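See below for target-v4.txt, which holds compact mmCIF, C-alpha atoms.
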# COMPACT_ATOMS: atom_id res chain seq x y z
CA MET A 13 101.69 55.89 86.29
CA ALA A 14 105.37 56.90 86.34
CA ARG A 15 107.09 59.45 84.12
CA LEU A 16 108.87 58.05 81.07
CA LEU A 17 111.87 60.16 80.11
CA THR A 18 113.24 59.54 76.63
CA GLN A 19 116.81 60.75 76.38
CA SER A 20 116.77 61.15 72.62
CA SER A 21 113.88 63.60 73.00
CA ASN A 22 115.68 65.65 75.66
CA GLN A 23 112.95 65.08 78.22
CA PHE A 24 113.26 65.99 81.86
CA LEU A 25 111.48 67.84 84.70
CA SER A 26 112.69 70.86 86.61
CA SER A 27 111.85 73.67 88.96
CA THR A 28 113.45 76.98 89.76
CA THR A 29 112.67 76.31 93.41
CA VAL A 30 115.51 74.96 95.50
CA PRO A 31 113.88 73.19 98.45
CA ALA A 32 117.10 72.51 100.36
CA THR A 33 120.63 73.81 100.23
CA GLY A 34 122.50 71.89 102.90
CA VAL A 35 122.98 68.62 104.68
CA PRO A 36 121.65 66.36 106.00
CA LEU A 37 119.72 65.27 102.93
CA THR A 38 118.34 62.10 101.39
CA PHE A 39 117.29 61.68 97.78
CA ALA A 40 115.32 58.62 96.67
CA ALA A 41 113.42 57.45 93.62
CA TRP A 42 112.36 54.39 91.72
CA TYR A 43 114.00 54.06 88.31
CA LYS A 44 113.55 51.64 85.44
CA ARG A 45 116.32 52.28 82.96
CA THR A 46 115.50 51.60 79.32
CA ALA A 47 119.09 50.91 78.30
CA ALA A 48 122.57 52.04 79.20
CA GLY A 49 123.86 54.94 77.18
CA ALA A 50 127.06 56.85 76.67
CA ASP A 51 126.24 59.20 79.52
CA VAL A 52 124.94 58.72 83.05
CA ASP A 53 121.24 58.75 83.92
CA SER A 54 120.52 61.61 86.31
CA LEU A 55 117.67 60.97 88.72
CA ILE A 56 117.53 63.86 91.22
CA TYR A 57 119.75 66.92 91.31
CA ILE A 58 119.78 70.15 93.22
CA ASN A 59 122.16 72.06 91.01
CA ASP A 60 123.29 75.49 90.08
CA ASN A 61 121.85 77.34 87.15
CA GLY A 62 124.47 76.10 84.75
CA ALA A 63 126.00 79.49 84.19
CA SER A 64 129.11 78.37 86.05
CA GLY A 65 129.06 74.94 84.44
CA GLY A 66 127.19 73.00 87.06
CA VAL A 67 129.81 72.63 89.75
CA ASP A 68 127.79 73.09 92.94
CA TYR A 69 125.30 70.31 93.41
CA PHE A 70 123.84 67.35 95.28
CA GLY A 71 122.95 64.47 93.04
CA LEU A 72 121.61 60.95 92.67
CA TYR A 73 122.32 59.20 89.40
CA VAL A 74 122.80 55.84 87.73
CA ASN A 75 126.18 55.45 86.12
CA THR A 76 126.72 53.93 82.68
CA ASP A 77 127.73 50.67 84.37
CA GLY A 78 124.41 50.63 86.21
CA THR A 79 125.76 51.40 89.65
CA VAL A 80 123.89 53.96 91.72
CA ARG A 81 125.86 57.02 92.75
CA ALA A 82 125.51 59.71 95.40
CA VAL A 83 127.52 62.79 94.51
CA THR A 84 128.34 66.15 96.00
CA SER A 85 130.33 68.90 94.31
CA ASP A 86 131.49 72.38 95.17
CA PHE A 87 133.72 74.95 93.54
CA ILE A 88 135.55 76.88 96.22
CA GLY A 89 138.81 78.75 95.90
CA GLY A 90 139.08 77.88 92.25
CA ILE A 91 139.06 74.15 92.98
CA GLN A 92 136.26 71.69 92.44
CA HIS A 93 135.73 69.17 95.23
CA ILE A 94 133.70 66.14 94.20
CA GLY A 95 132.74 63.25 96.41
CA THR A 96 131.01 60.21 94.91
CA ALA A 97 129.77 57.07 96.61
CA HIS A 98 128.78 54.16 94.39
CA THR A 99 127.07 50.85 94.88
CA THR A 100 128.67 47.60 93.82
CA GLY A 101 125.40 46.28 92.46
CA ALA A 102 123.91 47.57 89.24
CA VAL A 103 120.43 48.21 87.92
CA SER A 104 119.00 45.82 85.37
CA ASP A 105 117.51 47.43 82.27
CA GLY A 106 113.77 47.17 82.11
CA VAL A 107 113.47 46.37 85.83
CA TRP A 108 112.37 48.77 88.57
CA ALA A 109 115.17 49.60 90.98
CA HIS A 110 115.05 51.70 94.10
CA CYS A 111 117.88 54.23 94.18
CA ALA A 112 118.86 56.47 97.05
CA ALA A 113 121.57 58.91 98.08
CA VAL A 114 122.13 59.85 101.70
CA PHE A 115 124.18 62.91 102.61
CA PRO A 116 124.61 62.98 106.41
CA SER A 117 127.30 65.67 106.31
CA THR A 118 129.55 67.55 103.95
CA SER A 119 132.14 64.82 104.35
CA SER A 120 130.01 61.75 103.92
CA ARG A 121 127.68 60.26 101.35
CA THR A 122 126.24 56.79 100.75
CA ALA A 123 124.46 55.35 97.73
CA TYR A 124 121.83 52.63 97.90
CA LEU A 125 120.49 50.21 95.32
CA ASN A 126 117.39 48.28 96.34
CA GLY A 127 118.22 48.85 99.99
CA THR A 128 121.85 47.74 99.77
CA ALA A 129 124.30 50.40 100.83
CA SER A 130 127.57 51.36 99.26
CA THR A 131 130.63 52.10 101.30
CA ALA A 132 130.39 55.62 102.63
CA GLU A 133 132.59 58.09 100.78
CA GLY A 134 134.26 60.87 102.75
CA THR A 135 135.49 63.68 100.50
CA THR A 136 134.71 67.07 101.97
CA SER A 137 132.47 68.86 99.53
CA THR A 138 130.17 71.75 100.46
CA PRO A 139 127.89 72.95 97.68
CA GLN A 140 127.47 76.67 98.09
CA ALA A 141 123.90 77.52 98.95
CA GLY A 142 124.04 80.74 96.95
CA GLN A 143 124.90 78.83 93.79
CA LEU A 144 122.06 76.34 93.98
CA ALA A 145 119.27 77.44 91.70
CA ARG A 146 117.41 74.49 90.21
CA THR A 147 115.84 71.18 91.10
CA TYR A 148 115.97 68.55 88.37
CA ILE A 149 114.32 65.18 87.96
CA GLY A 150 115.96 63.24 85.16
CA ALA A 151 118.69 65.76 84.39
CA PHE A 152 122.02 67.03 85.70
CA ILE A 153 121.31 70.50 84.41
CA SER A 154 119.06 71.50 81.54
CA GLY A 155 119.56 69.06 78.69
CA SER A 156 122.55 67.32 80.22
CA SER A 157 123.09 63.73 81.42
CA LEU A 158 119.45 62.97 80.93
CA ALA A 159 117.72 59.89 82.28
CA ASP A 160 116.50 57.34 79.77
CA GLY A 161 113.79 55.38 81.48
CA SER A 162 110.83 55.61 83.83
CA ILE A 163 111.06 57.37 87.14
CA ALA A 164 108.58 57.39 90.02
CA GLU A 165 108.16 58.23 93.71
CA ALA A 166 110.94 60.81 93.84
CA ALA A 167 111.47 62.36 97.25
CA ILE A 168 113.80 64.54 99.28
CA TRP A 169 114.20 64.47 103.05
CA THR A 170 116.02 67.02 105.20
CA ALA A 171 117.51 64.16 107.13
CA ALA A 172 119.92 61.29 106.63
CA LEU A 173 117.63 58.27 106.52
CA ASP A 174 119.08 55.17 108.07
CA ALA A 175 119.51 51.81 106.44
CA ALA A 176 116.24 50.45 107.80
CA GLU A 177 114.30 53.39 106.39
CA ILE A 178 115.94 53.01 103.00
CA ALA A 179 115.06 49.32 103.15
CA SER A 180 111.42 50.27 103.79
CA LEU A 181 111.41 52.47 100.72
CA ALA A 182 113.05 49.75 98.68
CA ALA A 183 110.35 47.34 99.84
CA GLY A 184 107.73 49.61 98.30
CA VAL A 185 106.65 51.73 101.25
CA SER A 186 105.57 55.19 100.19
CA PRO A 187 107.88 58.06 101.16
CA LEU A 188 104.86 59.49 102.99
CA MET A 189 105.34 56.83 105.64
CA VAL A 190 109.10 57.10 106.09
CA ARG A 191 110.28 59.83 108.47
CA PRO A 192 107.34 62.01 107.42
CA THR A 193 108.40 64.92 109.65
CA SER A 194 111.53 65.28 107.54
CA LEU A 195 109.93 64.63 104.17
CA LEU A 196 110.52 67.91 102.32
CA CYS A 197 109.48 67.06 98.79
CA TYR A 198 107.48 64.18 97.38
CA TRP A 199 106.76 63.80 93.68
CA PRO A 200 104.68 60.66 93.10
CA LEU A 201 105.21 61.29 89.36
CA ILE A 202 101.83 59.84 88.53
CA GLY A 203 102.17 61.45 85.13
CA GLN A 204 98.73 63.03 85.05
CA TYR A 205 99.53 66.70 85.59
CA SER A 206 101.53 69.43 83.97
CA PRO A 207 103.25 70.92 85.89
CA GLU A 208 103.95 67.71 87.79
CA ILE A 209 102.56 68.02 91.31
CA GLU A 210 104.56 67.82 94.51
CA LEU A 211 102.71 66.99 97.71
CA ARG A 212 104.75 68.54 100.54
CA SER A 213 106.24 71.89 99.59
CA ARG A 214 104.52 72.74 96.29
CA VAL A 215 107.74 72.39 94.29
CA GLU A 216 105.93 71.73 91.05
CA LEU A 217 108.00 70.51 88.12
CA THR A 218 107.94 71.92 84.63
CA LEU A 219 107.90 69.26 81.97
CA THR A 220 110.41 69.74 79.16
CA ASN A 221 109.72 68.17 75.78
CA GLY A 222 106.68 66.27 76.89
CA PRO A 223 107.65 63.26 79.01
CA THR A 224 104.75 60.83 79.03
CA ALA A 225 103.14 58.58 81.60
CA SER A 226 104.23 54.97 81.98
CA SER A 227 103.55 52.06 84.31
CA HIS A 228 104.16 52.74 88.00
CA PRO A 229 106.03 50.51 90.42
CA LEU A 230 104.01 48.75 93.11
CA ILE A 231 103.90 51.10 96.08
CA ILE A 232 102.23 50.70 99.44
CA TYR A 233 100.46 53.94 100.31
CA PRO A 234 98.93 55.03 103.61
CA SER A 235 95.40 53.86 104.19
CA PRO A 236 92.84 54.35 106.95
CA ALA A 237 93.72 52.30 109.98
CA PHE A 238 91.45 49.63 111.27
CA SER A 239 89.24 50.77 114.11
CA GLY A 240 90.95 48.25 116.25
CA PHE A 241 91.86 44.69 115.99
CA ASN A 242 91.52 41.56 117.95
CA SER A 243 95.00 40.95 119.18
CA THR A 244 94.21 37.27 119.58
CA GLN A 245 93.46 37.09 115.90
CA LEU A 246 96.71 38.81 115.13
CA VAL A 247 98.65 36.43 117.29
CA SER A 248 96.86 33.51 115.73
CA LEU A 249 97.79 34.72 112.30
CA ALA A 250 101.40 35.03 113.31
CA ALA A 251 101.37 31.64 114.95
CA THR A 252 100.10 29.81 111.90
CA ALA A 253 101.76 31.76 109.15
CA THR A 254 105.30 31.21 108.06
CA ALA A 255 107.70 34.12 108.24
CA SER A 256 107.64 34.62 104.48
CA ALA A 257 103.87 34.52 104.38
CA VAL A 258 103.70 37.15 107.08
CA LEU A 259 106.02 39.39 105.13
CA THR A 260 104.03 39.10 101.96
CA SER A 261 100.56 39.29 103.42
CA VAL A 262 100.84 41.59 106.39
CA ARG A 263 102.92 44.69 106.51
CA VAL A 264 102.71 46.70 109.65
CA ILE A 265 104.33 49.90 110.70
CA PHE A 266 104.37 50.61 114.36
CA LYS A 267 104.94 54.04 115.73
CA ALA A 268 106.07 52.63 118.99
CA LEU A 269 105.87 54.92 121.97
CA SER A 270 107.04 52.27 124.34
CA ALA A 271 110.32 50.45 124.26
CA THR A 272 108.76 47.48 126.02
CA ALA A 273 107.05 46.16 122.94
CA THR A 274 108.56 42.89 121.86
CA ALA A 275 108.07 43.89 118.27
CA THR A 276 111.32 45.47 117.19
CA ALA A 277 110.11 49.02 116.80
CA SER A 278 111.98 51.62 118.80
CA GLY A 279 110.42 55.02 118.87
CA LEU A 280 110.51 55.53 115.13
CA THR A 281 108.19 54.40 112.44
CA LYS A 282 109.69 51.06 111.56
CA PHE A 283 108.95 48.37 109.08
CA ILE A 284 108.87 45.17 111.07
CA THR A 285 107.89 41.55 110.82
CA LEU A 286 105.23 40.18 113.10
CA THR A 287 106.52 37.25 115.09
CA LYS A 288 105.04 34.64 117.34
CA SER A 289 106.31 36.61 120.29
CA ALA A 290 104.03 39.55 119.53
CA THR A 291 101.70 38.96 122.47
CA SER A 292 98.65 41.03 123.16
CA THR A 293 100.41 42.60 126.15
CA ALA A 294 103.30 43.72 123.99
CA LEU A 295 100.98 45.09 121.36
CA GLY A 296 99.12 46.90 124.12
CA ALA A 297 102.27 48.87 124.80
CA ILE A 298 102.10 50.40 121.36
CA SER A 299 99.70 53.27 121.43
CA THR A 300 99.55 54.20 117.78
CA ALA A 301 99.75 51.96 114.76
CA TYR A 302 99.24 52.33 111.05
CA PHE A 303 98.07 49.28 109.16
CA TYR A 304 97.88 48.36 105.60
CA SER A 305 97.43 44.93 104.19
CA LEU A 306 97.13 43.20 100.89
CA PRO A 307 94.58 41.74 101.24
CA LYS A 308 92.77 43.02 104.34
CA LEU A 309 93.28 40.49 107.07
CA VAL A 310 91.29 41.30 110.17
CA LYS A 311 88.08 43.05 111.03
CA ALA A 312 87.78 45.28 114.01
CA THR A 313 86.23 43.65 117.02
CA THR A 314 87.53 45.82 119.80
CA ARG A 315 88.58 49.42 119.92
CA PHE A 316 92.33 49.31 120.41
CA LEU A 317 93.66 52.32 118.63
CA ASN A 318 92.68 55.92 118.58
CA GLY A 319 93.84 59.13 117.05
CA LEU A 320 94.27 58.58 113.33
CA LYS A 321 91.40 60.24 111.49
CA SER A 322 90.66 59.59 107.85
CA THR A 323 87.88 59.68 105.27
CA LYS A 324 86.08 57.19 103.11
CA ARG A 325 84.11 58.11 100.05
CA ILE A 326 80.65 56.55 99.98
CA THR A 327 77.75 56.51 97.58
CA MET B 2 95.66 60.72 103.03
CA ALA B 3 93.24 59.27 100.53
CA ILE B 4 93.03 59.99 96.82
CA TYR B 5 89.64 60.42 95.17
CA ASP B 6 88.66 61.11 91.59
CA VAL B 7 86.20 63.88 90.73
CA VAL B 8 85.17 64.68 87.18
CA ALA B 9 85.66 68.34 86.33
CA GLY B 10 82.46 70.34 86.51
CA SER B 11 80.67 67.84 88.75
CA THR B 12 77.80 69.29 90.75
CA ASN B 13 76.41 66.07 92.19
CA ASP B 14 76.76 65.47 95.90
CA LEU B 15 80.06 64.06 97.07
CA ASN B 16 79.46 61.78 100.00
CA PHE B 17 82.03 60.84 102.62
CA GLN B 18 82.24 59.10 105.93
CA LEU B 19 84.58 60.56 108.51
CA LEU B 20 86.51 57.95 110.46
CA ASP B 21 88.54 57.69 113.60
CA ASN B 22 90.88 54.77 113.13
CA GLY B 23 88.44 53.26 110.72
CA ALA B 24 85.38 53.70 112.92
CA PRO B 25 82.73 56.29 112.04
CA ILE B 26 83.00 59.52 113.99
CA ASP B 27 79.76 60.40 115.75
CA LEU B 28 79.17 63.93 114.54
CA THR B 29 76.30 64.68 116.90
CA GLY B 30 76.85 68.22 118.18
CA PHE B 31 79.64 68.96 115.70
CA THR B 32 79.75 71.68 113.08
CA VAL B 33 81.45 70.44 109.95
CA ALA B 34 83.19 72.55 107.36
CA LEU B 35 85.31 71.69 104.33
CA LEU B 36 88.70 73.29 103.76
CA LEU B 37 89.56 72.94 100.10
CA GLU B 38 92.67 74.25 98.37
CA ASN B 39 93.54 74.08 94.72
CA ARG B 40 96.89 73.00 93.39
CA LYS B 41 98.21 76.53 93.50
CA GLY B 42 97.62 76.80 97.22
CA VAL B 43 94.57 79.05 96.88
CA GLN B 44 91.67 78.21 99.17
CA VAL B 45 88.40 77.68 97.34
CA PRO B 46 86.18 80.23 99.09
CA SER B 47 82.80 78.59 98.51
CA PRO B 48 83.21 75.01 97.41
CA GLY B 49 79.62 74.26 98.26
CA THR B 50 77.19 73.33 100.98
CA VAL B 51 78.35 70.88 103.61
CA THR B 52 75.59 68.79 105.12
CA VAL B 53 75.80 66.25 107.90
CA VAL B 54 73.77 63.44 106.43
CA THR B 55 73.83 60.97 109.32
CA ALA B 56 75.59 62.35 112.36
CA ALA B 57 75.86 59.09 114.31
CA GLU B 58 77.53 57.41 111.32
CA GLY B 59 79.90 60.26 110.49
CA LYS B 60 78.36 60.74 107.07
CA VAL B 61 78.67 64.10 105.40
CA LYS B 62 78.26 65.42 101.91
CA LEU B 63 79.39 68.35 99.83
CA THR B 64 77.01 69.83 97.29
CA PRO B 65 79.27 71.80 94.92
CA THR B 66 78.23 75.39 94.41
CA ASN B 67 78.43 75.24 90.63
CA VAL B 68 80.23 73.66 87.69
CA ASN B 69 83.26 75.85 88.27
CA VAL B 70 84.23 74.47 91.66
CA PHE B 71 86.19 71.52 90.27
CA ASP B 72 88.36 72.91 87.53
CA GLU B 73 90.72 70.53 85.75
CA ASP B 74 93.38 73.20 85.33
CA ASN B 75 93.42 73.98 89.04
CA GLY B 76 93.38 70.38 90.20
CA PRO B 77 94.19 68.37 92.10
CA TYR B 78 92.49 69.83 95.14
CA TYR B 79 93.57 69.20 98.72
CA ALA B 80 90.78 68.60 101.21
CA ARG B 81 90.43 68.49 104.96
CA TRP B 82 87.21 68.50 107.02
CA LYS B 83 87.09 70.79 110.04
CA LEU B 84 85.04 69.57 113.00
CA THR B 85 84.06 72.00 115.77
CA ASP B 86 82.37 70.60 118.85
CA SER B 87 80.02 72.30 121.27
CA PHE B 88 83.01 73.45 123.35
CA SER B 89 84.56 75.09 120.27
CA LYS B 90 87.26 72.45 120.18
CA ILE B 91 88.48 71.84 116.67
CA SER B 92 89.75 68.70 115.07
CA TYR B 93 90.51 67.84 111.48
CA VAL B 94 89.87 64.88 109.22
CA PRO B 95 92.16 63.51 107.92
CA SER B 96 94.56 64.11 110.75
CA SER B 97 97.55 63.29 108.58
CA ASN B 98 98.16 64.57 105.05
CA ARG B 99 95.15 66.10 103.34
CA ASP B 100 93.08 64.05 100.96
CA VAL B 101 93.87 64.58 97.31
CA TRP B 102 90.90 65.07 94.97
CA ASN B 103 92.13 64.32 91.46
CA ILE B 104 90.19 66.21 88.83
CA LEU B 105 89.49 64.15 85.74
CA GLY B 106 88.77 65.65 82.38
CA THR B 107 85.40 65.18 80.75
Before anything else, please render the file you have as structure tokens.
Amino acid sequence: MARLLTQSSNQFLSSTTVPATGVPLTFAAWYKRTAAGADVDSLIYINDNGASGGVDYFGLYVNTDGTVRAVTSDFIGGIQHIGTAHTTGAVSDGVWAHCAAVFPSTSSRTAYLNGTASTAEGTTSTPQAGQLARTYIGAFISGSSLADGSIAEAAIWTAALDAAEIASLAAGVSPLMVRPTSLLCYWPLIGQYSPEIELRSRVELTLTNGPTASSHPLIIYPSPAFSGFNSTQLVSLAATATASAVLTSVRVIFKALSATATATASGLTKFITLTKSATSTALGAISTAYFYSLPKLVKATTRFLNGLKSTKRIT
Amino acid sequence: MAIYDVVAGSTNDLNFQLLDNGAPIDLTGFTVALLLENRKGVQVPSPGTVTVVTAAEGKVKLTPTNVNVFDEDNGPYYARWKLTDSFSKISYVPSSNRDVWNILGT
């Protein structure tokens, strides 16, 4: 279940906790806009308390024309400095879209729509940490520039995710599996709790004017790894399956600790495609792997992996 | 991290199997404890009795202390099992993010 925010009812979520005040940062969320309005649809903002008019902030929003925007603003020396990156593509009303804003530095920001990056924008803008006072989901500040649609899987990283990581998110991978060491805040926005729960830093969100639950986008969450797998079976699958079938039926993330693996993982958790060249020797060079599959493809025949501990509820 | 549903006020046994990469952990010689925190970050001091049901198969169960352990207002709860071996070495299950126990209303 996602959170449905109805603009006409002034619905949004917020917290007085400010989880981050400086760069690098990444904001990301899934958004299904109901319809374009006269104002923008705010998705994630770290903003000031509004007393000074909301001029120091980091933000991710969908513009009236449907483009996704990454924005930074400060108010220093009596002058406001605003930098905004915007995608060329636009969201389609009634359709889930993955939106992201990456802030690598105070002089760079990039917006993403469904994994496609905008041109980086380079205005120098340094929101003042002392002015930042609120975290908003679905609002610019209280009651302003409210989202009008469903929002889910909102997250904040204290890192500038790269294009491949944004692509993973846009493909439906849970934020929990993308640069987890830098994942600062993660709001699944399941829509079951008030306050809305946050799974990393306890930045719970207060619900304003009763946003309800709505249908959730299809997300791939972490699951217990297989106890091992028969690498011959895996190779056989890759050998007989077409590339598109592999992408849709097997999704593998390798946390590669060896650069010798022929799979194109390189020391980071990567979202890769299995290929015919993924030999058992190459797979043997990868010492930790996380698997999830829809549906489950292989049964463990040999112990290949170790380390990841998990639970299973039984009767 | 796994997500499980528990109805508020449940006192029936909650059974789990502890896995290492999907294979049951042989709990022979281990002491098992449950670390349970409510949504507010407060550890539940006495969630119940932890019993190793079948050590070789990694099967454990929690018998909740009373109807107040799983409180809808304080859910979800975050759970991690603490395993201590005969050399006092400690490991935790899950080894990634804690399991989330969603509390469902009656």
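For the atom pair formed by CA of Ser186 in chain A and CA of Ser154 in chain A, the distance is 28.2 Å, given to one decimal.
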So what do you get for CA of Leu55 in chain A versus CA of Ile202 in chain A, distance-wise?
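Computed distance, CA of Leu55 in chain A to CA of Ile202 in chain A, equals 15.9 Å.
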Might you pull out every residue within 8 Å of Thr38 in chain A, with all atoms listed in the file counted and same-chain residues fewer than 4 positions away left off, and present them as number ranges by chain?
A: 112-115, 168-173
Would you output that residue set with C-alpha atoms, as a PDB file, in the coordinates of the input?
ATOM      1  CA  ALA A 112     118.860  56.470  97.050  1.00  0.00           C
ATOM      2  CA  ALA A 113     121.570  58.910  98.080  1.00  0.00           C
ATOM      3  CA  VAL A 114     122.130  59.850 101.700  1.00  0.00           C
ATOM      4  CA  PHE A 115     124.180  62.910 102.610  1.00  0.00           C
ATOM      5  CA  ILE A 168     113.800  64.540  99.280  1.00  0.00           C
ATOM      6  CA  TRP A 169     114.200  64.470 103.050  1.00  0.00           C
ATOM      7  CA  THR A 170     116.020  67.020 105.200  1.00  0.00           C
ATOM      8  CA  ALA A 171     117.510  64.160 107.130  1.00  0.00           C
ATOM      9  CA  ALA A 172     119.920  61.290 106.630  1.00  0.00           C
ATOM     10  CA  LEU A 173     117.630  58.270 106.520  1.00  0.00           C
TER      11      LEU A 173
END
Please report as JSON lines every residue of chain B lying within 10 Å of chain A, along with the nearest atom pair and their distance in Å (one decimal), using all atoms listed in the file.
{"residue": "B:Met2", "atom": "CA", "partner": "A:Pro234", "partner_atom": "CA", "distance": 6.6}
{"residue": "B:Ala3", "atom": "CA", "partner": "A:Ser235", "partner_atom": "CA", "distance": 6.9}
{"residue": "B:Ile4", "atom": "CA", "partner": "A:Arg325", "partner_atom": "CA", "distance": 9.7}
{"residue": "B:Tyr5", "atom": "CA", "partner": "A:Arg325", "partner_atom": "CA", "distance": 7.7}
{"residue": "B:Asp14", "atom": "CA", "partner": "A:Thr327", "partner_atom": "CA", "distance": 9.2}
{"residue": "B:Leu15", "atom": "CA", "partner": "A:Arg325", "partner_atom": "CA", "distance": 7.8}
{"residue": "B:Asn16", "atom": "CA", "partner": "A:Ile326", "partner_atom": "CA", "distance": 5.4}
{"residue": "B:Phe17", "atom": "CA", "partner": "A:Arg325", "partner_atom": "CA", "distance": 4.3}
{"residue": "B:Gln18", "atom": "CA", "partner": "A:Lys324", "partner_atom": "CA", "distance": 5.1}
{"residue": "B:Leu19", "atom": "CA", "partner": "A:Thr323", "partner_atom": "CA", "distance": 4.7}
{"residue": "B:Leu20", "atom": "CA", "partner": "A:Ser322", "partner_atom": "CA", "distance": 5.2}
{"residue": "B:Asp21", "atom": "CA", "partner": "A:Lys321", "partner_atom": "CA", "distance": 4.4}
{"residue": "B:Asn22", "atom": "CA", "partner": "A:Ser239", "partner_atom": "CA", "distance": 4.4}
{"residue": "B:Gly23", "atom": "CA", "partner": "A:Ser239", "partner_atom": "CA", "distance": 4.3}
{"residue": "B:Ala24", "atom": "CA", "partner": "A:Ser239", "partner_atom": "CA", "distance": 5.0}
{"residue": "B:Pro25", "atom": "CA", "partner": "A:Ser239", "partner_atom": "CA", "distance": 8.8}
{"residue": "B:Ile26", "atom": "CA", "partner": "A:Lys321", "partner_atom": "CA", "distance": 8.8}
{"residue": "B:Arg40", "atom": "CA", "partner": "A:Ile209", "partner_atom": "CA", "distance": 7.8}
{"residue": "B:Lys41", "atom": "CA", "partner": "A:Arg214", "partner_atom": "CA", "distance": 7.9}
{"residue": "B:Gly42", "atom": "CA", "partner": "A:Arg214", "partner_atom": "CA", "distance": 8.1}
{"residue": "B:Gly59", "atom": "CA", "partner": "A:Thr323", "partner_atom": "CA", "distance": 9.6}
{"residue": "B:Lys60", "atom": "CA", "partner": "A:Ile326", "partner_atom": "CA", "distance": 8.5}
{"residue": "B:Val61", "atom": "CA", "partner": "A:Ile326", "partner_atom": "CA", "distance": 9.5}
{"residue": "B:Lys62", "atom": "CA", "partner": "A:Ile326", "partner_atom": "CA", "distance": 9.4}
{"residue": "B:Glu73", "atom": "CA", "partner": "A:Tyr205", "partner_atom": "CA", "distance": 9.6}
{"residue": "B:Asp74", "atom": "CA", "partner": "A:Tyr205", "partner_atom": "CA", "distance": 9.0}
{"residue": "B:Gly76", "atom": "CA", "partner": "A:Tyr205", "partner_atom": "CA", "distance": 8.5}
{"residue": "B:Pro77", "atom": "CA", "partner": "A:Ile209", "partner_atom": "CA", "distance": 8.4}
{"residue": "B:Tyr79", "atom": "CA", "partner": "A:Leu211", "partner_atom": "CA", "distance": 9.5}
{"residue": "B:Arg81", "atom": "CA", "partner": "A:Thr323", "partner_atom": "CA", "distance": 9.2}
{"residue": "B:Trp82", "atom": "CA", "partner": "A:Thr323", "partner_atom": "CA", "distance": 9.0}
{"residue": "B:Ser92", "atom": "CA", "partner": "A:Lys321", "partner_atom": "CA", "distance": 9.3}
{"residue": "B:Tyr93", "atom": "CA", "partner": "A:Lys321", "partner_atom": "CA", "distance": 7.7}
{"residue": "B:Val94", "atom": "CA", "partner": "A:Lys321", "partner_atom": "CA", "distance": 5.4}
{"residue": "B:Pro95", "atom": "CA", "partner": "A:Ser322", "partner_atom": "CA", "distance": 4.2}
{"residue": "B:Ser96", "atom": "CA", "partner": "A:Lys321", "partner_atom": "CA", "distance": 5.1}
{"residue": "B:Ser97", "atom": "CA", "partner": "A:Leu320", "partner_atom": "CA", "distance": 7.5}
{"residue": "B:Asn98", "atom": "CA", "partner": "A:Leu188", "partner_atom": "CA", "distance": 8.7}
{"residue": "B:Arg99", "atom": "CA", "partner": "A:Ser322", "partner_atom": "CA", "distance": 9.1}
{"residue": "B:Asp100", "atom": "CA", "partner": "A:Thr323", "partner_atom": "CA", "distance": 8.0}
{"residue": "B:Val101", "atom": "CA", "partner": "A:Leu211", "partner_atom": "CA", "distance": 9.2}
{"residue": "B:Asn103", "atom": "CA", "partner": "A:Gln204", "partner_atom": "CA", "distance": 9.3}
{"residue": "B:Ile104", "atom": "CA", "partner": "A:Gln204", "partner_atom": "CA", "distance": 9.9}
{"residue": "B:Leu105", "atom": "CA", "partner": "A:Gln204", "partner_atom": "CA", "distance": 9.3}
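Between CA of Asp77 in chain A and CA of Ile56 in chain A the separation is 18.0 Å.
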Selection: 8 Å around Ser157 in chain A, all atoms listed in the file, excl. self and same-chain fewer than 5 positions, as a ChimeraX atom specification
/A:51-54,151-152
Compare A:Val30, A:Leu16, A:Leu37, A:Val185 by their minimum atom-to-atom distance to Thr122 in chain A, counting only C-alpha atoms, and give me the closest one.
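Checking each candidate against Thr122 in chain A, we get A:Leu37 as the closest.
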Could you check which residues have any atom within 10 Å of (83.2, 68.2, 94.1), counting all atoms listed in the file with coordinates taken straight from the file, and then list them as a count of residues only?
28
Report, as lines of an AutoDock Vina configuration file, the centre and edge lengths in Å (one decimal) of the axis-aligned box enclosing every listed atom of range 43-48 of chain B, padded by 5 Å on each side.
center_x = 88.7
center_y = 77.6
center_z = 98.0
size_x = 21.8
size_y = 15.2
size_z = 12.3
Please return, as a list in words, all polymer residues that have at least one atom within 12 Å of the point (81.5, 70.0, 122.8); use only C-alpha atoms and the file's own coordinate frame.
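Checked against the point, the hits come out as Leu28, Thr29, Gly30, Phe31, Thr32, Leu84, Thr85, Asp86, Ser87, Phe88, Ser89, Lys90, Ile91 and Ser92 of chain B.
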